[in-house]
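In what follows, a single structure is set out as structure tokens and then discussed.
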Amino acid sequence: EGTVYYYSADATPLFVMAAYHYYRWSKDEAFLTFIYKNIVDAMEWCINADRDEDGLVEHGPEGFLPDTTWMDSLYRGKSAVDVQAIFCYALLCGSKVAGHLNDRERAEDWLRRHERLKRIIFERYWNRETRFLNDTILPDGSPLVNKTINAVIPVLFRLTPAEVSEAILEELDS
């Protein structure tokens with residue numbers, strides 16, 4: 001039917017991020033305008049990947065693709081923290097692009113979604129006992145309590161409170 005699957009949960013939001021950063025540094029407005037429909041399509045694809053409407057992108061076999069995170073040799077449940085962080089930052093980048101191109105409705109919607117997902121990442125993944133972000137959410141909605149390098153991705157995109165970022169970086173440094 002014309003659908004192309006890349007089997008990569010993060011490639012689509014990474015495209016939005018790359019387009020935003022390319023524009024930010026090049027100021028190539030003609031290019032940004034030319035690819036804007038692709039950015040909109042990419043953002044809609046990501047938004048639609050939240051099949052159960054819990055605010056998190058599904059990527060595993062419970063979603064619409066086989067497990068498609070970069071750690072394909074490790075079961076990542078339905079919603080890995082790094083995928084959520086990448087999508088969350090893509091929402092912010094997409095919002096800035098839409099705002100620049102005077103698409104106020106999308107700019108506001110994507111910014112609201114960014115703020116909501118940022119809050120969800122902290123609420124659903126932060127483990128107060130281990131002082132670390134859990135790696136993933138399982139199909140039953142419970143967190144998989146384990147520590148992986150993926151916890152640094154929300155830190156990288158400044159999606160976590162300062163004290164959470166510090167705790168994660170301290171743990172990774174030890």
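Identifiers in this document derive from the order of the structure tokens: chains are assigned A, B, ..., residues are numbered from 1 separately in each chain, and ligands are numbered from 1 in order of occurrence.
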With a cut-off of 8 Å, could you pull out the residues of stretch 104-135 of chain A touching stretch 33-57 of chain A and give me the nearest pair of atoms for each, distance in Å to one decimal, using only C-alpha atoms, ordered by chain and ascending number, as CSV?
residue,atom,partner,partner_atom,distance
A:Arg116,CA,A:Gly55,CA,7.7
A:Leu117,CA,A:Gly55,CA,6.3
A:Ile120,CA,A:Gly55,CA,7.3
Keeping only all heavy atoms, write those residues as a tab-separated table (two decimals), in the first residue's frame.
chain	number	residue	atom	x	y	z
A	116	ARG	N	3.99	17.69	28.35
A	116	ARG	CA	3.31	16.53	28.95
A	116	ARG	C	4.24	15.32	28.98
A	116	ARG	O	4.36	14.64	30.01
A	116	ARG	CB	2.04	16.20	28.17
A	116	ARG	CG	1.32	14.99	28.72
A	116	ARG	CD	-0.01	14.74	28.01
A	116	ARG	NE	-0.67	13.59	28.59
A	116	ARG	CZ	-0.90	12.47	27.93
A	116	ARG	NH1	-0.54	12.35	26.66
A	116	ARG	NH2	-1.50	11.46	28.53
A	117	LEU	N	4.90	15.04	27.86
A	117	LEU	CA	5.78	13.87	27.81
A	117	LEU	C	6.97	14.05	28.74
A	117	LEU	O	7.41	13.10	29.39
A	117	LEU	CB	6.24	13.60	26.38
A	117	LEU	CG	7.11	12.36	26.18
A	117	LEU	CD1	6.50	11.10	26.79
A	117	LEU	CD2	7.40	12.17	24.69
A	120	ILE	N	5.69	13.08	32.02
A	120	ILE	CA	5.46	11.63	32.07
A	120	ILE	C	6.78	10.87	32.23
A	120	ILE	O	6.85	9.89	32.98
A	120	ILE	CB	4.69	11.16	30.82
A	120	ILE	CG1	3.25	11.66	30.87
A	120	ILE	CG2	4.72	9.64	30.69
A	120	ILE	CD1	2.47	11.43	29.57
Selection: 6 Å around stretch 85-92 of chain A, only C-alpha atoms, excl. self and same-chain fewer than 3 positions, as number ranges by chain
A: 13, 16-17, 82, 95, 110-111, 114, 154
DSSP on the backbone: what in stretch 2-134 of chain A comes out strand (DSSP E), as a VMD selection string?
chain A and resid 79 to 80 126 to 127 132 to 133
Using C-alpha atoms, can you export the residues from the last selection as a compact mmCIF listing (two decimals), in the first residue's frame?
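Below is the file that was written, part09.txt:
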# COMPACT_ATOMS: atom_id res chain seq x y z
CA SER A 79 8.19 2.16 25.73
CA ALA A 80 11.94 2.58 26.28
CA TRP A 126 12.22 7.89 37.79
CA ASN A 127 12.95 5.30 40.45
CA PHE A 132 18.00 6.27 38.39
CA LEU A 133 15.64 6.19 35.42
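Distances to A:Ser165 were evaluated for A:Phe122, A:Leu32, A:Gln84, A:Asp135 using only C-alpha atoms, and the minimum falls at A:Phe122.
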Within 9 Å of A:Ile168, counting only C-alpha atoms, which residues qualify if same-chain residues fewer than 5 places away don't, as a ChimeraX atom specification?
/A:131-133,151-152,155,163,173
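Taking only C-alpha atoms into account, A:Ile153 lies nearest to A:Leu169 out of the set A:Leu169, A:Glu123, A:Asp28, A:Ser8.
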Taking only C-alpha atoms into account, which of A:Ala9, A:Ala107, A:Leu101, A:Ala167 comes nearest A:Ala30?
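Ranked by minimum distance to A:Ala30, first place goes to A:Leu101.
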Could you tell me, as a CSV table (one decimal) with C-alpha atoms, in the first residue's frame, which residues of stretch 39-164 of chain A DSSP assigns to alpha helix (DSSP H) when given the backbone?
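Output file out.csv is given in full below:
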chain,number,residue,atom,x,y,z
A,39,ILE,CA,8.4,17.3,9.3
A,40,VAL,CA,4.6,17.4,9.9
A,41,ASP,CA,4.2,13.8,8.6
A,42,ALA,CA,7.1,12.6,10.8
A,43,MET,CA,5.6,14.3,13.9
A,44,GLU,CA,2.2,12.8,13.1
A,45,TRP,CA,3.7,9.3,12.7
A,46,CYS,CA,5.3,9.6,16.2
A,47,ILE,CA,2.1,10.9,17.8
A,48,ASN,CA,0.2,8.0,16.2
A,81,VAL,CA,13.1,5.7,28.1
A,82,ASP,CA,15.6,6.7,25.3
A,83,VAL,CA,12.8,6.6,22.6
A,84,GLN,CA,10.6,8.7,24.8
A,85,ALA,CA,13.3,11.3,25.4
A,86,ILE,CA,14.1,11.5,21.7
A,87,PHE,CA,10.5,11.9,20.8
A,88,CYS,CA,10.0,14.5,23.6
A,89,TYR,CA,12.9,16.6,22.2
A,90,ALA,CA,11.6,16.2,18.7
A,91,LEU,CA,8.3,17.6,19.8
A,92,LEU,CA,10.2,20.7,21.1
A,93,CYS,CA,12.2,21.0,17.8
A,94,GLY,CA,9.1,20.5,15.7
A,95,SER,CA,7.3,23.2,17.8
A,96,LYS,CA,10.1,25.6,17.1
A,97,VAL,CA,10.0,24.9,13.4
A,98,ALA,CA,6.2,25.2,13.2
A,99,GLY,CA,6.4,28.5,15.1
A,100,HIS,CA,9.1,29.8,12.8
A,104,ARG,CA,0.8,28.4,15.4
A,105,GLU,CA,-1.7,25.6,15.9
A,106,ARG,CA,0.9,22.9,15.5
A,107,ALA,CA,3.6,24.9,17.4
A,108,GLU,CA,1.3,25.1,20.4
A,109,ASP,CA,0.1,21.5,20.2
A,110,TRP,CA,3.6,20.1,19.9
A,111,LEU,CA,4.9,22.3,22.7
A,112,ARG,CA,2.0,21.1,25.0
A,113,ARG,CA,2.8,17.5,24.0
A,114,HIS,CA,6.5,18.1,24.8
A,115,GLU,CA,5.7,19.4,28.2
A,116,ARG,CA,3.3,16.5,29.0
A,117,LEU,CA,5.8,13.9,27.8
A,118,LYS,CA,8.6,15.5,29.8
A,119,ARG,CA,6.4,15.2,32.9
A,120,ILE,CA,5.5,11.6,32.1
A,121,ILE,CA,9.1,10.6,31.6
A,122,PHE,CA,9.9,11.8,35.1
A,123,GLU,CA,6.7,10.4,36.7
A,124,ARG,CA,6.9,7.0,35.0
A,125,TYR,CA,10.6,6.2,34.7
A,152,VAL,CA,21.5,9.5,30.0
A,153,ILE,CA,19.4,10.4,26.9
A,154,PRO,CA,16.7,12.4,28.9
A,155,VAL,CA,19.7,14.1,30.7
A,156,LEU,CA,21.3,15.0,27.3
A,162,ALA,CA,18.8,19.1,37.9
A,163,GLU,CA,18.9,16.7,40.9
A,164,VAL,CA,17.8,13.8,38.8
Find the residues near A:Lys78: any atom within 6 Å, counting only C-alpha atoms, skip ones fewer than 4 places away on the same chain, and give them as a PDB file with N, CA, C and O atoms, in the first residue's frame.
ATOM      1  N   GLU A  58       4.852   3.663  21.649  1.00  0.00           N
ATOM      2  CA  GLU A  58       5.084   2.226  21.685  1.00  0.00           C
ATOM      3  C   GLU A  58       6.038   1.862  20.553  1.00  0.00           C
ATOM      4  O   GLU A  58       5.928   2.393  19.453  1.00  0.00           O
ATOM      5  N   HIS A  59       6.956   0.938  20.840  1.00  0.00           N
ATOM      6  CA  HIS A  59       7.906   0.529  19.803  1.00  0.00           C
ATOM      7  C   HIS A  59       8.093  -0.962  19.755  1.00  0.00           C
ATOM      8  O   HIS A  59       8.641  -1.484  18.798  1.00  0.00           O
ATOM      9  N   GLY A  60       7.673  -1.664  20.751  1.00  0.00           N
ATOM     10  CA  GLY A  60       7.931  -3.094  20.827  1.00  0.00           C
ATOM     11  C   GLY A  60       6.879  -3.913  20.121  1.00  0.00           C
ATOM     12  O   GLY A  60       6.001  -3.379  19.445  1.00  0.00           O
ATOM     13  N   ILE A 137       9.122   0.685  30.053  1.00  0.00           N
ATOM     14  CA  ILE A 137       7.816   0.348  30.600  1.00  0.00           C
ATOM     15  C   ILE A 137       7.383  -0.941  29.907  1.00  0.00           C
ATOM     16  O   ILE A 137       7.431  -1.051  28.670  1.00  0.00           O
ATOM     17  N   LEU A 138       6.958  -1.907  30.701  1.00  0.00           N
ATOM     18  CA  LEU A 138       6.532  -3.202  30.170  1.00  0.00           C
ATOM     19  C   LEU A 138       5.103  -3.126  29.630  1.00  0.00           C
ATOM     20  O   LEU A 138       4.371  -2.173  29.932  1.00  0.00           O
ATOM     21  N   PRO A 139       4.670  -4.122  28.862  1.00  0.00           N
ATOM     22  CA  PRO A 139       3.313  -4.098  28.290  1.00  0.00           C
ATOM     23  C   PRO A 139       2.205  -3.953  29.336  1.00  0.00           C
ATOM     24  O   PRO A 139       1.169  -3.373  29.045  1.00  0.00           O
TER      25      PRO A 139
END
